[in-house]
Structures are given as structure tokens and as C-alpha cells.
$ cat model-v9.pdb   # PDB, C-alpha atoms
MODEL        1
ATOM      1  CA  MET A  27       6.186 -72.098  12.432
ATOM      2  CA  ILE A  28       6.054 -74.962   9.955
ATOM      3  CA  PRO A  29       8.203 -74.539   6.809
ATOM      4  CA  VAL A  30       6.524 -74.669   3.398
ATOM      5  CA  VAL A  31       8.147 -77.335   1.218
ATOM      6  CA  VAL A  32       8.027 -76.908  -2.559
ATOM      7  CA  LYS A  33      10.059 -79.445  -4.507
ATOM      8  CA  ASN A  34      13.498 -79.296  -2.838
ATOM      9  CA  CYS A  35      12.977 -75.836  -1.353
ATOM     10  CA  LYS A  36      12.136 -75.489   2.362
ATOM     11  CA  ILE A  37      10.725 -71.991   2.817
ATOM     12  CA  GLY A  38      10.938 -70.765   6.393
ATOM     13  CA  GLU A  39      13.941 -72.900   7.312
ATOM     14  CA  GLY A  40      17.549 -71.768   7.180
ATOM     15  CA  LYS A  41      18.837 -69.013   4.937
ATOM     16  CA  THR A  42      16.439 -66.544   3.322
ATOM     17  CA  LYS A  43      15.294 -67.979  -0.005
ATOM     18  CA  ILE A  44      15.723 -65.949  -3.203
ATOM     19  CA  ILE A  45      12.939 -65.442  -5.743
ATOM     20  CA  VAL A  46      14.053 -64.284  -9.189
ATOM     21  CA  PRO A  47      11.387 -62.791 -11.479
ATOM     22  CA  ILE A  48      10.954 -63.247 -15.223
ATOM     23  CA  VAL A  49       9.267 -60.227 -16.800
ATOM     24  CA  ALA A  50       9.853 -60.748 -20.529
ATOM     25  CA  PRO A  51       6.751 -60.474 -22.738
ATOM     26  CA  LYS A  52       7.645 -63.118 -25.370
ATOM     27  CA  ARG A  53       7.708 -66.884 -24.849
ATOM     28  CA  GLU A  54      11.098 -67.372 -26.499
ATOM     29  CA  ASP A  55      12.701 -64.754 -24.244
ATOM     30  CA  ILE A  56      11.013 -66.173 -21.139
ATOM     31  CA  LEU A  57      12.379 -69.650 -21.843
ATOM     32  CA  ALA A  58      15.810 -68.355 -22.846
ATOM     33  CA  GLU A  59      16.159 -66.457 -19.579
ATOM     34  CA  ALA A  60      14.962 -69.435 -17.562
ATOM     35  CA  SER A  61      17.632 -71.611 -19.187
ATOM     36  CA  THR A  62      20.325 -69.473 -17.518
ATOM     37  CA  PHE A  63      18.963 -69.849 -13.996
ATOM     38  CA  HIS A  64      20.822 -73.027 -13.117
ATOM     39  CA  SER A  65      24.019 -70.947 -13.069
ATOM     40  CA  ILE A  66      22.794 -68.323 -10.584
ATOM     41  CA  PRO A  67      21.684 -68.536  -6.936
ATOM     42  CA  VAL A  68      17.901 -68.887  -7.187
ATOM     43  CA  ASP A  69      15.472 -70.852  -5.024
ATOM     44  CA  VAL A  70      12.151 -69.970  -6.711
ATOM     45  CA  VAL A  71      11.385 -68.408 -10.100
ATOM     46  CA  GLU A  72       8.449 -66.014 -10.384
ATOM     47  CA  TRP A  73       6.844 -65.730 -13.802
ATOM     48  CA  ARG A  74       4.960 -62.448 -14.093
ATOM     49  CA  ILE A  75       2.167 -63.450 -16.451
ATOM     50  CA  ASP A  76       0.636 -59.963 -16.401
ATOM     51  CA  LEU A  77       3.592 -58.923 -18.586
ATOM     52  CA  TYR A  78       3.248 -61.900 -20.966
ATOM     53  CA  GLU A  79       1.877 -61.012 -24.405
ATOM     54  CA  GLY A  80      -0.414 -64.061 -24.359
ATOM     55  CA  VAL A  81      -1.872 -63.466 -20.909
ATOM     56  CA  ARG A  82      -5.490 -63.207 -22.104
ATOM     57  CA  ASP A  83      -5.316 -66.730 -23.530
ATOM     58  CA  ALA A  84      -5.343 -69.196 -20.632
ATOM     59  CA  ALA A  85      -4.276 -72.073 -22.870
ATOM     60  CA  LYS A  86      -1.147 -70.163 -23.954
ATOM     61  CA  VAL A  87      -0.337 -69.253 -20.363
ATOM     62  CA  ILE A  88      -0.619 -72.870 -19.282
ATOM     63  CA  GLU A  89       1.399 -74.128 -22.253
ATOM     64  CA  THR A  90       4.204 -71.660 -21.539
ATOM     65  CA  ALA A  91       4.129 -72.475 -17.818
ATOM     66  CA  GLY A  92       4.614 -76.149 -18.687
ATOM     67  CA  MET A  93       7.574 -75.292 -20.903
ATOM     68  CA  LEU A  94       9.023 -73.216 -18.080
ATOM     69  CA  GLN A  95       8.713 -76.104 -15.657
ATOM     70  CA  ASP A  96      10.549 -78.327 -18.117
ATOM     71  CA  VAL A  97      13.414 -75.820 -18.344
ATOM     72  CA  LEU A  98      13.578 -75.100 -14.621
ATOM     73  CA  LYS A  99      13.432 -78.779 -13.616
ATOM     74  CA  ASP A 100      13.753 -78.834  -9.788
ATOM     75  CA  ILE A 101      13.449 -75.057  -9.317
ATOM     76  CA  PRO A 102       9.891 -74.234  -8.143
ATOM     77  CA  LEU A 103       7.761 -72.002 -10.372
ATOM     78  CA  LEU A 104       5.643 -69.212  -8.874
ATOM     79  CA  VAL A 105       2.979 -67.856 -11.252
ATOM     80  CA  THR A 106       1.929 -64.263 -10.553
ATOM     81  CA  TYR A 107      -0.556 -61.951 -12.190
ATOM     82  CA  ARG A 108       0.184 -58.560 -10.677
ATOM     83  CA  SER A 109      -2.870 -56.373 -11.082
ATOM     84  CA  ALA A 110      -2.170 -52.916 -12.462
ATOM     85  CA  ILE A 111      -3.252 -51.106  -9.318
ATOM     86  CA  GLU A 112      -0.941 -53.248  -7.165
ATOM     87  CA  GLY A 113       1.862 -52.839  -9.672
ATOM     88  CA  GLY A 114       1.810 -49.062  -9.458
ATOM     89  CA  LYS A 115       0.588 -48.570 -13.024
ATOM     90  CA  THR A 116      -1.081 -45.638 -14.787
ATOM     91  CA  GLN A 117      -4.831 -45.116 -14.809
ATOM     92  CA  GLU A 118      -4.976 -46.237 -18.459
ATOM     93  CA  GLU A 119      -3.216 -49.493 -17.584
ATOM     94  CA  ILE A 120      -5.536 -49.986 -14.624
ATOM     95  CA  ASP A 121      -8.576 -49.476 -16.874
ATOM     96  CA  ASN A 122      -7.285 -52.112 -19.327
ATOM     97  CA  ASP A 123      -6.438 -54.676 -16.638
ATOM     98  CA  LEU A 124      -8.155 -58.033 -16.188
ATOM     99  CA  SER A 125     -11.348 -57.852 -14.166
ATOM    100  CA  PRO A 126     -11.239 -59.556 -10.745
ATOM    101  CA  GLU A 127     -13.431 -62.343 -12.159
ATOM    102  CA  ALA A 128     -11.120 -62.930 -15.128
ATOM    103  CA  TYR A 129      -8.126 -62.783 -12.783
ATOM    104  CA  GLY A 130      -9.641 -65.479 -10.573
ATOM    105  CA  ASP A 131     -10.594 -67.707 -13.502
ATOM    106  CA  LEU A 132      -7.100 -67.462 -15.014
ATOM    107  CA  LEU A 133      -5.331 -68.367 -11.777
ATOM    108  CA  GLN A 134      -7.805 -71.179 -11.132
ATOM    109  CA  ALA A 135      -7.044 -72.598 -14.588
ATOM    110  CA  VAL A 136      -3.308 -72.392 -13.894
ATOM    111  CA  CYS A 137      -3.748 -74.233 -10.594
ATOM    112  CA  GLU A 138      -5.873 -76.945 -12.168
ATOM    113  CA  SER A 139      -3.354 -77.450 -14.977
ATOM    114  CA  GLY A 140      -0.593 -78.615 -12.636
ATOM    115  CA  LYS A 141       1.845 -76.247 -14.347
ATOM    116  CA  ALA A 142       2.647 -74.112 -11.289
ATOM    117  CA  ASP A 143       4.189 -74.967  -7.936
ATOM    118  CA  LEU A 144       3.003 -71.748  -6.298
ATOM    119  CA  VAL A 145       0.577 -68.971  -7.227
ATOM    120  CA  ASP A 146       0.240 -65.416  -5.969
ATOM    121  CA  VAL A 147      -3.201 -64.051  -5.078
ATOM    122  CA  GLU A 148      -3.737 -60.441  -4.049
ATOM    123  CA  ILE A 149      -5.582 -60.394  -0.742
ATOM    124  CA  PHE A 150      -7.632 -57.296  -1.621
ATOM    125  CA  ILE A 151      -8.742 -58.454  -5.098
ATOM    126  CA  GLY A 152     -12.047 -59.535  -3.492
ATOM    127  CA  ASP A 153     -12.841 -62.162  -0.862
ATOM    128  CA  ALA A 154     -14.693 -64.422  -3.300
ATOM    129  CA  VAL A 155     -11.812 -64.376  -5.788
ATOM    130  CA  VAL A 156      -9.257 -65.003  -3.058
ATOM    131  CA  LYS A 157     -11.223 -68.028  -1.864
ATOM    132  CA  GLN A 158     -11.633 -69.274  -5.446
ATOM    133  CA  VAL A 159      -7.889 -69.196  -6.066
ATOM    134  CA  ILE A 160      -6.845 -70.602  -2.693
ATOM    135  CA  ASP A 161      -9.368 -73.449  -2.928
ATOM    136  CA  ALA A 162      -8.253 -74.310  -6.471
ATOM    137  CA  ALA A 163      -4.598 -74.167  -5.492
ATOM    138  CA  HIS A 164      -4.908 -76.393  -2.449
ATOM    139  CA  ALA A 165      -7.142 -78.869  -4.287
ATOM    140  CA  ASN A 166      -4.326 -79.314  -6.806
ATOM    141  CA  GLY A 167      -1.295 -79.328  -4.510
ATOM    142  CA  VAL A 168      -0.253 -75.751  -5.294
ATOM    143  CA  LYS A 169       1.055 -73.455  -2.544
ATOM    144  CA  VAL A 170      -0.353 -69.930  -2.209
ATOM    145  CA  ILE A 171       1.425 -66.638  -1.595
ATOM    146  CA  ALA A 172      -1.189 -64.045  -0.622
ATOM    147  CA  SER A 173       0.085 -60.552  -1.287
ATOM    148  CA  ASN A 174      -0.437 -56.833  -0.919
ATOM    149  CA  HIS A 175       1.595 -54.037  -2.510
ATOM    150  CA  ASP A 176       1.205 -50.527  -1.151
ATOM    151  CA  TRP A 177       2.547 -47.940  -3.611
ATOM    152  CA  LYS A 178       1.220 -44.956  -1.678
ATOM    153  CA  GLY A 179       3.383 -45.327   1.391
ATOM    154  CA  THR A 180       3.995 -47.426   4.474
ATOM    155  CA  PRO A 181       1.001 -48.265   6.686
ATOM    156  CA  SER A 182       1.288 -48.228  10.458
ATOM    157  CA  GLN A 183       2.927 -51.192  12.145
ATOM    158  CA  SER A 184      -0.452 -52.421  13.386
ATOM    159  CA  ASP A 185      -1.971 -52.150   9.898
ATOM    160  CA  ILE A 186       0.868 -54.139   8.330
ATOM    161  CA  VAL A 187       0.369 -56.862  10.927
ATOM    162  CA  TYR A 188      -3.398 -56.786  10.297
ATOM    163  CA  ARG A 189      -2.892 -57.286   6.556
ATOM    164  CA  LEU A 190      -0.507 -60.194   7.079
ATOM    165  CA  ARG A 191      -2.900 -61.826   9.558
ATOM    166  CA  LYS A 192      -5.763 -61.401   7.100
ATOM    167  CA  MET A 193      -3.744 -63.345   4.521
ATOM    168  CA  GLN A 194      -2.932 -66.092   6.996
ATOM    169  CA  ASP A 195      -6.544 -66.326   8.135
ATOM    170  CA  ALA A 196      -7.656 -66.635   4.493
ATOM    171  CA  GLY A 197      -5.603 -69.816   4.183
ATOM    172  CA  ALA A 198      -2.474 -68.546   2.460
ATOM    173  CA  ASP A 199       0.624 -70.687   2.850
ATOM    174  CA  ILE A 200       2.865 -67.607   2.760
ATOM    175  CA  PRO A 201       1.654 -64.028   3.434
ATOM    176  CA  LYS A 202       3.553 -61.279   1.598
ATOM    177  CA  ILE A 203       3.532 -57.498   1.877
ATOM    178  CA  ALA A 204       5.545 -54.846   0.045
ATOM    179  CA  VAL A 205       5.361 -51.195   1.068
ATOM    180  CA  THR A 206       6.770 -47.906  -0.162
ATOM    181  CA  PRO A 207       8.983 -45.913   2.206
ATOM    182  CA  THR A 208       8.883 -42.128   2.270
ATOM    183  CA  CYS A 209      11.528 -41.822   5.000
ATOM    184  CA  LYS A 210      13.937 -44.018   6.940
ATOM    185  CA  LYS A 211      11.448 -44.508   9.768
ATOM    186  CA  ASP A 212       9.087 -46.198   7.304
ATOM    187  CA  VAL A 213      11.687 -48.919   6.742
ATOM    188  CA  ILE A 214      11.982 -49.422  10.490
ATOM    189  CA  THR A 215       8.185 -49.663  10.719
ATOM    190  CA  LEU A 216       8.139 -52.451   8.136
ATOM    191  CA  LEU A 217      10.911 -54.338   9.926
ATOM    192  CA  ALA A 218       9.220 -53.938  13.317
ATOM    193  CA  ALA A 219       5.937 -55.228  11.892
ATOM    194  CA  THR A 220       7.784 -58.211  10.419
ATOM    195  CA  GLU A 221       9.281 -59.089  13.788
ATOM    196  CA  GLU A 222       5.937 -58.649  15.561
ATOM    197  CA  MET A 223       4.074 -60.850  13.094
ATOM    198  CA  ALA A 224       6.763 -63.525  13.059
ATOM    199  CA  SER A 225       7.154 -63.606  16.836
ATOM    200  CA  ASN A 226       3.538 -63.291  17.941
ATOM    201  CA  PHE A 227       1.116 -64.434  15.237
ATOM    202  CA  ALA A 228       2.652 -66.343  12.344
ATOM    203  CA  ASP A 229       2.199 -70.065  11.934
ATOM    204  CA  CYS A 230       3.633 -69.976   8.403
ATOM    205  CA  PRO A 231       6.564 -68.254   6.655
ATOM    206  CA  LEU A 232       6.311 -64.557   5.723
ATOM    207  CA  ILE A 233       7.648 -62.331   2.965
ATOM    208  CA  THR A 234       8.009 -58.623   3.724
ATOM    209  CA  MET A 235       9.885 -55.814   2.064
ATOM    210  CA  SER A 236      10.220 -52.086   1.856
ATOM    211  CA  MET A 237      10.653 -51.086  -1.796
ATOM    212  CA  ARG A 238      12.909 -48.652  -3.644
ATOM    213  CA  GLY A 239      16.539 -47.991  -2.808
ATOM    214  CA  MET A 240      15.707 -46.680   0.641
ATOM    215  CA  GLY A 241      14.138 -49.994   1.569
ATOM    216  CA  GLY A 242      16.954 -52.149   0.225
ATOM    217  CA  ILE A 243      18.127 -53.187   3.680
ATOM    218  CA  SER A 244      14.765 -54.893   4.272
ATOM    219  CA  ARG A 245      15.509 -57.271   1.398
ATOM    220  CA  MET A 246      18.651 -58.510   3.130
ATOM    221  CA  VAL A 247      17.885 -58.916   6.846
ATOM    222  CA  GLY A 248      14.794 -61.103   6.646
ATOM    223  CA  GLU A 249      16.249 -64.171   8.309
ATOM    224  CA  ALA A 250      17.094 -62.146  11.419
ATOM    225  CA  LEU A 251      13.648 -60.558  11.721
ATOM    226  CA  GLY A 252      11.210 -63.081  10.285
ATOM    227  CA  SER A 253      10.942 -62.716   6.497
ATOM    228  CA  ALA A 254      11.644 -66.045   4.817
ATOM    229  CA  MET A 255      12.056 -64.969   1.187
ATOM    230  CA  THR A 256      13.315 -62.023  -0.820
ATOM    231  CA  PHE A 257      13.485 -60.979  -4.463
ATOM    232  CA  GLY A 258      16.701 -60.667  -6.448
ATOM    233  CA  ALA A 259      17.097 -59.295  -9.957
ATOM    234  CA  ALA A 260      18.658 -61.255 -12.820
ATOM    235  CA  ALA A 261      17.957 -59.958 -16.352
ATOM    236  CA  LYS A 262      15.501 -57.305 -15.171
ATOM    237  CA  ALA A 263      13.973 -56.277 -11.856
ATOM    238  CA  SER A 264      10.225 -56.547 -11.363
ATOM    239  CA  ALA A 265      10.047 -53.844  -8.673
ATOM    240  CA  PRO A 266      12.175 -50.877  -7.600
ATOM    241  CA  GLY A 267      14.933 -51.670  -5.125
ATOM    242  CA  GLN A 268      15.582 -55.283  -6.130
ATOM    243  CA  ILE A 269      19.236 -56.198  -5.709
ATOM    244  CA  ASP A 270      21.383 -58.149  -8.172
ATOM    245  CA  VAL A 271      20.850 -61.801  -7.326
ATOM    246  CA  LYS A 272      24.537 -62.708  -7.051
ATOM    247  CA  ALA A 273      25.352 -59.805  -4.742
ATOM    248  CA  LEU A 274      22.224 -60.529  -2.711
ATOM    249  CA  SER A 275      23.203 -64.173  -2.257
ATOM    250  CA  VAL A 276      26.554 -63.183  -0.761
ATOM    251  CA  VAL A 277      24.892 -60.882   1.781
ATOM    252  CA  LEU A 278      22.273 -63.472   2.736
ATOM    253  CA  GLU A 279      24.947 -66.108   3.249
ATOM    254  CA  THR A 280      26.981 -63.722   5.422
ATOM    255  CA  ILE A 281      23.947 -62.888   7.579
ATOM    256  CA  HIS A 282      22.981 -66.559   7.852
ATOM    257  CA  ASN A 283      26.452 -67.513   9.064
ATOM    258  CA  SER A 284      26.401 -64.773  11.684
ATOM    259  CA  LEU A 285      23.123 -65.854  13.304
TER     260      LEU A 285
ENDMDL
END
$ encode --input "model-v9.pdb" --output "C-alpha cells"
Amino acid sequence: MIPVVVKNCKIGEGKTKIIVPIVAPKREDILAEASTFHSIPVDVVEWRIDLYEGVRDAAKVIETAGMLQDVLKDIPLLVTYRSAIEGGKTQEEIDNDLSPEAYGDLLQAVCESGKADLVDVEIFIGDAVVKQVIDAAHANGVKVIASNHDWKGTPSQSDIVYRLRKMQDAGADIPKIAVTPTCKKDVITLLAATEEMASNFADCPLITMSMRGMGGISRMVGEALGSAMTFGAAAKASAPGQIDVKALSVVLETIHNSL
């Protein structure tokens, strides 16, 4: 497996890298939170633009992304629009979400602006949109995390591996899957799928996790089983089960030193 290098961050090499999300809706709060990140253990910052009040104005999104890059300096910026259905939202929120076409156009504009180091594209948003975003990203030196979030449960081990391979085959630099456990065995299924994918099929780094409190262990043991990145919470978590970033860093360092 070849590591993915973004600025000074080598993803897929050494200790599990920590992504910290920003979920504030207002520009001033987004930038204020980002200004505190040089004092916490963070490798990549994810800006959730679906929660930004100016998300339907591409120019505002790009302007704010540029300001974020200025504040973050050497910390890579991941720009993510999490669709309502993949964010576990209500039917009303799903109905008011961006269309797949608008989603693709927005992420393409972000890639072409040079104001993101990585972008997230949902692998099941539509093959044409996925290709649009990946092509735009790679044409502009932006790395791609292809993702899938299953809020209904945990697929079978073979299905999880299939989804991750689909992302890799589509040209993603880093495949990512998040699933919802309904029992302890679901967490084991996710971890087993991670190991299978990493050992048998992956030629790039992976991100896998089981959500909610029950799946918390999956956010900590990635380096041992094949998941190269995990999410830690700073001001506010972006998904259930995210662990405080400082506590998470201690655990990841302990696991790294034991391997």
C-alpha cells in the first residue's frame, strides 16, 4: 500500500491520523474554531459544508475555504458535503438537500478553486457525479476520500469489502465506510472486513468505523487492523461515537507504541 501524502501528513504510514470536524454554520465561528487547532492533536481538518449557512453559494464556500486554509496553514483541509440521507437526517431534510447534480457541481468548483486539499465524495451519489468529482479533484491536485455511511445497520463482511473495493476501483485515493452497529457482533464484522480489505485488496489507505458508543473501539484500533484515519471531536462531534480528540490521541499513541 502506498501512503497518501497531503502537505506534511502521510496517511497510511505510522500512527492512525486524526481528522477533526468543523460543523459550525457561521463563517466567524468556523474560523474561530480553526484558530484553536494548532493547540490540539489534529492531522486533518474536515469542514462540513452541508452545515454552512452559505452552502448554496459556491463563491461563499470557496471564499471561506480559502480563509480556512490561511488559518490552518500546514494542516490539510478536507471539504465534505454530507448528503442528508447519508447523514441520517429526517425526510424533510432529505427533501431539501442539494440534488446530486448540484452536489457534483459544488464539489467540482471547490476542487477547481484550489481551496481544498481533500474532498469527500459519496460513492452512491451516482456514478456520473462520482466520476465528475474525482476527475476534477485529480486534475487539480486534490485527494479524494470516497465514502459511504450506513445508518440502517451493519452490512455483511463481504458487502463492506465490496463497497470499499467499489470506491477504490472508482479512483478514490482513500475509501471510507461508516456503519451502525446493532450488537457487539456488528462491530466485529466491521473490524474483520477492515482487516480483509487491508490485507487482501487495498492498494491505498482505508478509513473504517462503527458508529455510536458501541462502535467506539473501532475508532481506536485502526492501525492494528488496517484503518489509517479516525475522527476525533473538538468543539462538537459530527457523528455519534466520536471521541474527544485529546483522549483519542493518547490511546492511538499507546497502540502505536505497542505494535
$ resolve_selection --input "model-v9.pdb" --expression "the PyMOL selection byres ((chain A and resi 172-184) around 10)" --output "PyMOL selection string"
chain A and resi 108-109+111-115+145-151+156+160+169-171+185-190+192-194+196-209+211-220+222-223+232-237
$ residues_around --input "model-v9.pdb" --residues "segment 85-98 of chain A" --least-positions-apart "2" --cutoff "9 Å" --atoms "all atoms listed in the file" --output "MDAnalysis selection string"
chainID A and resid 53 56:57 60:61 63:64 71 73 75 78 80:83 100:103 105 132 135:136 139:142
$ atom_distance --input "model-v9.pdb" --atom1 "atom CA of Lys272 of chain A" --atom2 "atom CA of Gly248 of chain A"
16.9 Å
$ closest_residue --input "model-v9.pdb" --among "A:Asp143, A:Glu54, A:Val68, A:Ala84" --to "Ala273 of chain A" --atoms "all atoms listed in the file"
A:Val68
$ resolve_selection --input "model-v9.pdb" --expression "the PyMOL selection byres ((chain A and resi 49) around 6)" --output "tab-separated table (two decimals) with C-alpha atoms, in the coordinates of the input"
chain	number	residue	atom	x	y	z
A	48	ILE	CA	10.95	-63.25	-15.22
A	50	ALA	CA	9.85	-60.75	-20.53
A	74	ARG	CA	4.96	-62.45	-14.09
$ closest_residue --input "model-v9.pdb" --among "A:Ala163, A:Asp69, A:Asp76, A:Glu138" --to "Asn122 of chain A" --atoms "only C-alpha atoms"
A:Asp76
$ axis_aligned_box --input "model-v9.pdb" --around "segment 271-281 of chain A" --padding-each-side "3 Å" --output "lines of an AutoDock Vina configuration file"
center_x = 23.9
center_y = -63.0
center_z = 0.1
size_x = 12.1
size_y = 12.3
size_z = 20.9
$ atom_distance --input "model-v9.pdb" --atom1 "atom CA of Gly241 of chain A" --atom2 "atom CA of Phe227 of chain A"
23.8 Å
$ closest_residue --input "model-v9.pdb" --among "A:Leu285, A:Val155, A:Ile44, A:Ala228" --to "Pro67 of chain A" --atoms "all atoms listed in the file"
A:Ile44
$ closest_residue --input "model-v9.pdb" --among "A:Met255, A:Asp131, A:Arg245, A:Thr62" --to "Cys35 of chain A" --atoms "all atoms listed in the file"
A:Met255
$ closest_residue --input "model-v9.pdb" --among "A:Ile243, A:Leu104, A:Leu144, A:Ala250" --to "Asn166 of chain A" --atoms "all atoms listed in the file"
A:Leu144
$ atom_distance --input "model-v9.pdb" --atom1 "atom CA of Gly239 of chain A" --atom2 "atom CA of Glu279 of chain A"
20.9 Å
$ resolve_selection --input "model-v9.pdb" --expression "the PyMOL selection byres ((chain A and resi 276) around 12)" --output "list in words"
Lys41, Thr42, Ile44, Ile66, Pro67, Met246, Gly258, Ile269, Asp270, Val271, Lys272, Ala273, Leu274, Ser275, Val277, Leu278, Glu279, Thr280, Ile281, His282 and Asn283 of chain A
$ closest_residue --input "model-v9.pdb" --among "A:Asn226, A:Thr256, A:Ser65, A:Gln134" --to "Asp161 of chain A" --atoms "all atoms listed in the file"
A:Gln134
